[in-house]
Amino acid sequence: PSLELYEIWAELYEQRRRMFEEHGIEADFWIGETIGHGGGIAAAGSPFTPIVGPNGQEASGSSCPLDPEFLSYMEAVFTILARKRPGLILLDDDFRLHYHNSQSPTGCFCDRHIAVFNERYGKTLTREEIAAAVYAEEPNEIRSLWYDVTGDSLLHTAQVIEKAVHRISPDTRIGLAAAMTHWSSEGVDMAELLRAFAGSTRPFIRTYGSPYRNE
């Protein structure tokens with residue numbers, strides 16, 4: 001979504017919040033898309049580097065957190081929201097690198113992630129070589145380092161968001177809607193990620209597990 005659209009949403013939030021507060025109800029802000037769910041609004045003409053799967057396919061409707069332009073966009077989005085000083089901001093569970101669509105089942109294998117990995121590893125591996133190690137049956141050094149790289153990219157993005165919000169609204173708490181992979185394969189400790197969002201405030205989380213259908 002454009003920054004202009006976020007400006008509109010922020011104004012609508014402020015109007016609706018006053019209505020709820022008149023009845024003693026706290027109204028906060030849920031942001032439904034950051035890295036992207038795959039498809040949807042973000043798929044149409046996104047200017048950012050998409051998440052890339054292990055076969056080199058781009059996952060439409062997603063953005064790589066190592067893209068500097070995407071980080072600048074996130075900073076601008078959360079600055080807009082922070083000006084309304086909500087008590088809570090909740091990010092949806094698309095703040096992850098896994099399972100955006102069939103093209104990106106396990107993290108982002110874009111050129112930037114590969115370059116960061118190779119710099120840390122001290123050798124030059126191809127996307128295919130890294131993917132083979134990540135998918136190997138046995139634990140290995142390459143897989144461990146790869147998850148460190150991917151996890152750090154999420155952690156840094158969380159820190160960018162935290163600074164953007166708390167520079168303007170230091171008491172706003174920032175939380176995350178959890179996905180399964182946050183606990184297993186994103187490469188970052190969930191508690192550490194929540195603390196990065198929280199800054200000096202108290203972390204919070206929306207757990208997962210509820211059914212989306214009644215069948």
# chains A, B, ... in the order shown; residues from 1 in each chain; ligands from 1
>>> closest_atom_pairs(of="region 126-190 of chain A", to="region 73-81 of chain A", cutoff="9 Å", atoms="only C-alpha atoms", output="Markdown table")
| residue | atom | partner | partner_atom | distance |
| --- | --- | --- | --- | --- |
| A:Thr157 | CA | A:Met74 | CA | 8.2 |
| A:Val160 | CA | A:Glu75 | CA | 6.4 |
| A:Ile161 | CA | A:Glu75 | CA | 5.8 |
| A:Glu162 | CA | A:Phe78 | CA | 8.5 |
| A:Lys163 | CA | A:Glu75 | CA | 8.3 |
| A:Ala164 | CA | A:Thr79 | CA | 5.4 |
| A:Val165 | CA | A:Thr79 | CA | 5.8 |
| A:His166 | CA | A:Thr79 | CA | 9.0 |
| A:Arg167 | CA | A:Thr79 | CA | 8.5 |
| A:Ile168 | CA | A:Thr79 | CA | 7.4 |
>>> select_by_dssp(residues="region 134-208 of chain A", states="strand (DSSP E)", output="PyMOL selection string")
chain A and resi 173-177+205-206
>>> residues_around(residues="Glu129 (chain A)", least_positions_apart="4", cutoff="10 Å", atoms="only C-alpha atoms", output="ChimeraX atom specification")
/A:54,124-125,133-134,142
>>> write_last_selection(atoms="C-alpha atoms", output="mmCIF file, in the first residue's frame")
data_model
loop_
_atom_site.group_PDB
_atom_site.id
_atom_site.type_symbol
_atom_site.label_atom_id
_atom_site.label_comp_id
_atom_site.auth_asym_id
_atom_site.auth_seq_id
_atom_site.Cartn_x
_atom_site.Cartn_y
_atom_site.Cartn_z
ATOM 1 C CA PRO A 54 15.528 -21.748 -3.406
ATOM 2 C CA THR A 124 31.409 -18.106 -2.421
ATOM 3 C CA LEU A 125 28.524 -20.554 -2.698
ATOM 4 C CA ALA A 133 22.677 -27.709 2.492
ATOM 5 C CA VAL A 134 19.554 -26.080 3.942
ATOM 6 C CA ILE A 142 25.946 -24.000 6.175
#
>>> residues_around(residues="Gln57 (chain A)", least_positions_apart="3", cutoff="10 Å", atoms="only C-alpha atoms", output="list in words")
Pro50, Ile51, Val52, Gly53, Pro54, Ser60, Ser102, Gln103, Ser104, Phe109 and Cys110 of chain A
>>> closest_atom_pairs(of="region 55-91 of chain A", to="region 14-31 of chain A", cutoff="9 Å", atoms="only C-alpha atoms", output="tab-separated table")
residue	atom	partner	partner_atom	distance
A:Leu81	CA	A:Phe29	CA	8.1
A:Lys84	CA	A:Glu14	CA	6.6
A:Pro86	CA	A:Asp28	CA	5.4
A:Gly87	CA	A:Asp28	CA	6.0
A:Leu88	CA	A:Asp28	CA	5.3
A:Ile89	CA	A:Phe29	CA	4.9
A:Leu90	CA	A:Trp30	CA	4.7
A:Leu91	CA	A:Ile31	CA	5.2
>>> closest_atom_pairs(of="region 94-184 of chain A", to="region 188-200 of chain A", cutoff="7 Å", atoms="only C-alpha atoms", output="Markdown table")
| residue | atom | partner | partner_atom | distance |
| --- | --- | --- | --- | --- |
| A:Gly151 | CA | A:Val188 | CA | 4.4 |
| A:Asp152 | CA | A:Val188 | CA | 6.9 |
| A:Leu155 | CA | A:Leu193 | CA | 5.9 |
| A:Ala158 | CA | A:Phe197 | CA | 5.4 |
| A:Gln159 | CA | A:Ala196 | CA | 5.6 |
| A:Glu162 | CA | A:Phe197 | CA | 5.1 |
| A:Arg173 | CA | A:Ala198 | CA | 6.0 |
| A:Ile174 | CA | A:Ala198 | CA | 5.4 |
| A:Gly175 | CA | A:Phe197 | CA | 6.5 |
| A:His182 | CA | A:Met190 | CA | 6.1 |
| A:Trp183 | CA | A:Met190 | CA | 6.3 |
>>> closest_residue(among="A:Thr207, A:Thr172, A:Asn140, A:Ser153", to="Cys64 (chain A)", atoms="only C-alpha atoms")
A:Ser153
>>> closest_residue(among="A:His156, A:Arg112, A:Arg96, A:Arg120", to="Leu176 (chain A)", atoms="only C-alpha atoms")
A:Arg96
>>> closest_residue(among="A:Tyr147, A:Arg83, A:Asp171, A:Ser63", to="Tyr6 (chain A)", atoms="only C-alpha atoms")
A:Arg83
>>> closest_residue(among="A:Ser185, A:Thr126, A:Thr49, A:Ser169", to="Val149 (chain A)", atoms="only C-alpha atoms")
A:Ser185
>>> closest_residue(among="A:Pro139, A:Pro105, A:Thr150, A:Ile130", to="Leu66 (chain A)", atoms="only C-alpha atoms")
A:Thr150
>>> select_by_dssp(residues="region 20-171 of chain A", states="helix (DSSP H, G or I)", output="ChimeraX atom specification")
/A:20-21,41-43,68-82,111-121,127-134,141-166
>>> residues_around(residues="Phe48 (chain A)", least_positions_apart="6", cutoff="9 Å", atoms="only C-alpha atoms", output="PyMOL selection string")
chain A and resi 62-64+67-70
>>> atom_distance(atom1="CA of Arg143 (chain A)", atom2="CA of Lys123 (chain A)")
14.3 Å
>>> closest_residue(among="A:Leu154, A:Trp146, A:Asp92, A:Thr34", to="Ile114 (chain A)", atoms="only C-alpha atoms")
A:Trp146
